[in-house]
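Everything on this sheet refers to the single structure shown next.
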Amino acid sequence: MSLLDKVEIPRRTMTLFFLVDSSGSMDGSKIGALNGAMEEVIPMLRELSEENADALIKIAALQFSDGARWLTPSGPVEPAQFRWQTIYANGLTDFGAACAELNSKLSTKAFMAEASGSYAPALFLLSDGAPTDDWERNLNALKQNNWFKAGIKTAVAIGDDADTDVLAEFTGSHSAVLGVHNAAALKKTIKFVSVRASQVASKSSNAGASASDEAKQIELNEALQEFSVEIAQSNDGEEW
C-alpha cells in the first residue's frame, strides 16, 4: 500500500432511541400524527447519516402500553434499511416496563455492541399520560446505566394530561421537555428533535468524556428552548 492509497476509517455509531407511548389515550389524531411524522423523518435521518463523516446514525424504537416491545428487536438499524411499523394505540402506560427494556439493551453485550465503537446515544421519549406501573424503581435502575448517563435526552409531552414531572425525571430537567397540543405541533417537533438530537449526539469532541456529554446536553437544551418559541405558534392552533 502506497502513502497515496486512501484508507477508510470506520465511522463510530450513534444510535437514536425512540421510546413511544402507544397506550389507549394516544388513539386517534395523536397516534396518527406520530406515525406520519416517523415515516417522514426517516429519510431526513438517512441523509444526515450519509453526510456525516464521523458518525453512522442508527435507529432503535421501543413502544410501550401493556408492557414494552421493540420495533427493532434485532438491534439498531441504519435509516436506509429502517421501515417504520404503524403503531396502534391501546392499553395502559407501562413506562416502567419501557425503562427496564431500555436498560437491558443499553449494553455492549446488546444494542451498543459496535466493532468500531459508539457515541453516547440520543434518547427521545414521547408520551401523553402518566405511568400506570412501577416506573420509579425501573427508572432509578436505568439511571445507573453508564450509557444512559452519557446519552442526551429529550421528551415530548403530548397534550395536557402528560405528566411533565415524570418526563423531566427521565431527561434530567424540564428544559429538555417540550409540550405539544395538536397534530401539526407534534409532527414538527418529532422532525426537529430527531434531527437536532442526532446532530448534537454524533459530534466528535476533544474534551473529556463526561465534560463532552454534559456539553452536548446543554447544547441540545438550548436548541430546544429556541424551538419552543417557534412551536408555541403551532400550539395555538386546534387542540386534540
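Residues are named by chain letter and number: chains run A, B, ... in the order of the C-alpha cells, numbers start at 1 in each chain, and ligands are numbered from 1 in the order shown.
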So that I can see what lies close to Leu16 of chain A, please list as a list in words the residues with an atom at most 10 Å from it, counting only C-alpha atoms and leaving out residues fewer than 4 positions away in the same chain. Leu45, Ile57, Lys58, Ile59, Ala60, Ala61, Pro76, Val77, Ala120, Pro121, Ala122, Leu123, Phe124, Gly151, Ile152, Ser194, Val195, Ala197, Ser198, Ala201 and Ser202 of chain A
Would you mind writing down, as an MDAnalysis selection string, each residue of segment 1-203 of chain A that DSSP on the backbone assigns to strand (DSSP E or B)? chainID A and resid 12:21 55:65 67:70 77 118 122:127 152:158 177:180
Written selection (N, CA and C atoms) as a CSV table (one decimal), in the first residue's frame:
chain,number,residue,atom,x,y,z
A,12,ARG,N,-17.8,5.8,13.8
A,12,ARG,CA,-18.4,5.3,15.1
A,12,ARG,C,-19.9,5.5,14.9
A,13,THR,N,-20.7,4.6,15.6
A,13,THR,CA,-22.1,4.6,15.5
A,13,THR,C,-22.8,5.5,16.6
A,14,MET,N,-23.8,6.2,16.2
A,14,MET,CA,-24.6,6.9,17.2
A,14,MET,C,-26.1,6.5,17.0
A,15,THR,N,-26.6,5.9,18.0
A,15,THR,CA,-28.0,5.3,17.9
A,15,THR,C,-29.0,6.3,18.5
A,16,LEU,N,-30.0,6.6,17.8
A,16,LEU,CA,-31.2,7.4,18.2
A,16,LEU,C,-32.3,6.4,18.7
A,17,PHE,N,-32.6,6.5,20.0
A,17,PHE,CA,-33.6,5.6,20.5
A,17,PHE,C,-34.9,6.4,20.6
A,18,PHE,N,-36.0,5.8,20.1
A,18,PHE,CA,-37.3,6.4,20.2
A,18,PHE,C,-38.1,5.5,21.3
A,19,LEU,N,-38.6,6.1,22.3
A,19,LEU,CA,-39.5,5.4,23.3
A,19,LEU,C,-40.9,6.0,23.1
A,20,VAL,N,-41.8,5.2,22.6
A,20,VAL,CA,-43.1,5.8,22.1
A,20,VAL,C,-44.2,5.2,22.9
A,21,ASP,N,-45.0,6.1,23.6
A,21,ASP,CA,-46.2,5.7,24.3
A,21,ASP,C,-47.3,5.3,23.3
A,55,ALA,N,-19.8,9.9,12.0
A,55,ALA,CA,-20.8,9.0,12.7
A,55,ALA,C,-21.8,8.4,11.7
A,56,LEU,N,-22.0,7.1,12.0
A,56,LEU,CA,-23.1,6.4,11.3
A,56,LEU,C,-24.3,6.4,12.2
A,57,ILE,N,-25.4,7.0,11.8
A,57,ILE,CA,-26.5,7.1,12.6
A,57,ILE,C,-27.4,5.8,12.5
A,58,LYS,N,-27.9,5.2,13.6
A,58,LYS,CA,-28.8,4.1,13.5
A,58,LYS,C,-30.0,4.4,14.4
A,59,ILE,N,-31.0,3.6,14.2
A,59,ILE,CA,-32.3,3.9,14.9
A,59,ILE,C,-32.7,2.6,15.6
A,60,ALA,N,-33.2,2.8,16.9
A,60,ALA,CA,-33.8,1.8,17.7
A,60,ALA,C,-35.2,2.4,18.2
A,61,ALA,N,-36.2,1.6,18.1
A,61,ALA,CA,-37.5,2.1,18.5
A,61,ALA,C,-38.2,1.1,19.5
A,62,LEU,N,-38.8,1.6,20.5
A,62,LEU,CA,-39.5,0.8,21.5
A,62,LEU,C,-40.9,1.4,21.8
A,63,GLN,N,-41.9,0.6,21.7
A,63,GLN,CA,-43.3,1.1,22.0
A,63,GLN,C,-43.7,0.5,23.4
A,64,PHE,N,-44.5,1.3,24.1
A,64,PHE,CA,-44.9,0.8,25.4
A,64,PHE,C,-46.4,1.1,25.7
A,65,SER,N,-47.1,0.1,26.1
A,65,SER,CA,-48.5,0.3,26.5
A,65,SER,C,-48.7,-0.8,27.6
A,67,GLY,N,-47.0,-3.4,28.8
A,67,GLY,CA,-45.7,-3.9,28.6
A,67,GLY,C,-44.9,-3.1,27.6
A,68,ALA,N,-43.8,-3.6,27.1
A,68,ALA,CA,-43.0,-2.8,26.1
A,68,ALA,C,-42.5,-3.8,25.1
A,69,ARG,N,-42.4,-3.3,23.8
A,69,ARG,CA,-42.0,-4.1,22.7
A,69,ARG,C,-41.1,-3.4,21.8
A,70,TRP,N,-40.0,-4.0,21.4
A,70,TRP,CA,-39.1,-3.3,20.5
A,70,TRP,C,-39.6,-3.5,19.0
A,77,VAL,N,-30.9,-0.1,13.6
A,77,VAL,CA,-31.0,-0.3,12.1
A,77,VAL,C,-30.6,1.1,11.5
A,118,SER,N,-19.0,3.3,19.7
A,118,SER,CA,-20.3,4.0,19.7
A,118,SER,C,-20.1,5.4,20.4
A,122,ALA,N,-28.6,9.1,21.7
A,122,ALA,CA,-29.7,10.1,21.9
A,122,ALA,C,-31.0,9.4,22.2
A,123,LEU,N,-31.7,9.8,23.2
A,123,LEU,CA,-32.8,9.1,23.8
A,123,LEU,C,-34.0,10.1,23.7
A,124,PHE,N,-35.1,9.6,23.0
A,124,PHE,CA,-36.2,10.5,22.7
A,124,PHE,C,-37.5,9.8,23.2
A,125,LEU,N,-38.1,10.4,24.2
A,125,LEU,CA,-39.3,9.8,24.8
A,125,LEU,C,-40.6,10.6,24.4
A,126,LEU,N,-41.6,10.0,24.0
A,126,LEU,CA,-42.9,10.6,23.7
A,126,LEU,C,-44.0,10.0,24.5
A,127,SER,N,-44.8,10.8,25.2
A,127,SER,CA,-45.9,10.3,26.0
A,127,SER,C,-47.0,11.3,26.2
A,152,ILE,N,-27.7,11.9,25.5
A,152,ILE,CA,-28.5,13.1,25.6
A,152,ILE,C,-30.0,12.7,25.5
A,153,LYS,N,-30.8,13.5,26.2
A,153,LYS,CA,-32.2,13.0,26.4
A,153,LYS,C,-33.2,14.2,26.2
A,154,THR,N,-34.3,13.8,25.5
A,154,THR,CA,-35.4,14.7,25.2
A,154,THR,C,-36.7,14.0,25.4
A,155,ALA,N,-37.7,14.8,25.8
A,155,ALA,CA,-39.1,14.2,25.9
A,155,ALA,C,-40.1,15.2,25.4
A,156,VAL,N,-41.2,14.6,24.8
A,156,VAL,CA,-42.3,15.4,24.3
A,156,VAL,C,-43.5,15.0,25.1
A,157,ALA,N,-44.1,16.1,25.7
A,157,ALA,CA,-45.4,15.9,26.5
A,157,ALA,C,-46.5,16.2,25.5
A,158,ILE,N,-47.3,15.1,25.2
A,158,ILE,CA,-48.4,15.2,24.1
A,158,ILE,C,-49.7,15.5,24.8
A,177,VAL,N,-37.8,19.0,28.1
A,177,VAL,CA,-39.2,18.6,27.8
A,177,VAL,C,-40.0,19.6,27.0
A,178,LEU,N,-40.5,19.2,25.9
A,178,LEU,CA,-41.3,20.1,25.1
A,178,LEU,C,-42.8,19.7,25.1
A,179,GLY,N,-43.7,20.6,25.1
A,179,GLY,CA,-45.1,20.3,25.1
A,179,GLY,C,-45.8,20.6,23.8
A,180,VAL,N,-46.6,19.7,23.3
A,180,VAL,CA,-47.3,19.9,22.1
A,180,VAL,C,-48.8,19.7,22.3
Which of these residues is nearest to Ala184 of chain A, using only C-alpha atoms: A:Glu239, A:Asp54, A:Glu40, A:Asp128? A:Glu239
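Across the structure, atom CA of Ala183 of chain A and atom CA of Ile231 of chain A are spaced 11.6 Å apart.
From atom CA of Ala89 of chain A back to atom CA of Gly28 of chain A, the distance works out to 8.1 Å.
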Considering only C-alpha atoms, return as an mmCIF file with C-alpha atoms, in the first residue's frame whatever protein or nucleic-acid residues lie within 7 Å of Gly129 of chain A, sequence-local ones (same chain, fewer than 6 positions apart) excluded.
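Generated file (out-v4.cif):
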data_model
loop_
_atom_site.group_PDB
_atom_site.id
_atom_site.type_symbol
_atom_site.label_atom_id
_atom_site.label_comp_id
_atom_site.auth_asym_id
_atom_site.auth_seq_id
_atom_site.Cartn_x
_atom_site.Cartn_y
_atom_site.Cartn_z
ATOM 1 C CA ASP A 161 -52.605 15.117 30.507
ATOM 2 C CA ALA A 162 -48.935 14.234 30.032
ATOM 3 C CA ASP A 163 -47.029 14.092 33.327
#
Min atom-atom distance to Gln85 of chain A from the set A:Glu114, A:Glu169, A:Glu39, A:Glu47, counting only C-alpha atoms, belongs to A:Glu39
Please, which residues in segment 128-228 of chain A fall within 10 Å of segment 93-98 of chain A when counting only C-alpha atoms, and what is the closest atom pair and distance in Å to one decimal for each, ordered by chain then residue number, as a tab-separated table?
residue	atom	partner	partner_atom	distance
A:Asp128	CA	A:Thr93	CA	9.2
A:Gly129	CA	A:Thr93	CA	7.3
A:Ala130	CA	A:Thr93	CA	6.9
A:Pro131	CA	A:Thr93	CA	5.1
A:Thr132	CA	A:Thr93	CA	5.2
A:Asp133	CA	A:Asp94	CA	5.3
A:Asp134	CA	A:Gly96	CA	5.6
A:Trp135	CA	A:Gly96	CA	3.5
A:Glu136	CA	A:Gly96	CA	6.9
A:Arg137	CA	A:Gly96	CA	7.6
A:Asn138	CA	A:Gly96	CA	5.4
A:Leu139	CA	A:Gly96	CA	6.5
A:Asn140	CA	A:Gly96	CA	9.8
A:Leu142	CA	A:Gly96	CA	9.8
A:Val166	CA	A:Phe95	CA	9.7
Which of chain A end up as helix (DSSP H, G or I) when DSSP is run on this backbone - answer as a count of residues only? 107
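Between atom CA of Ile42 of chain A and atom CA of Asp160 of chain A the interatomic distance comes to 27.6 Å.
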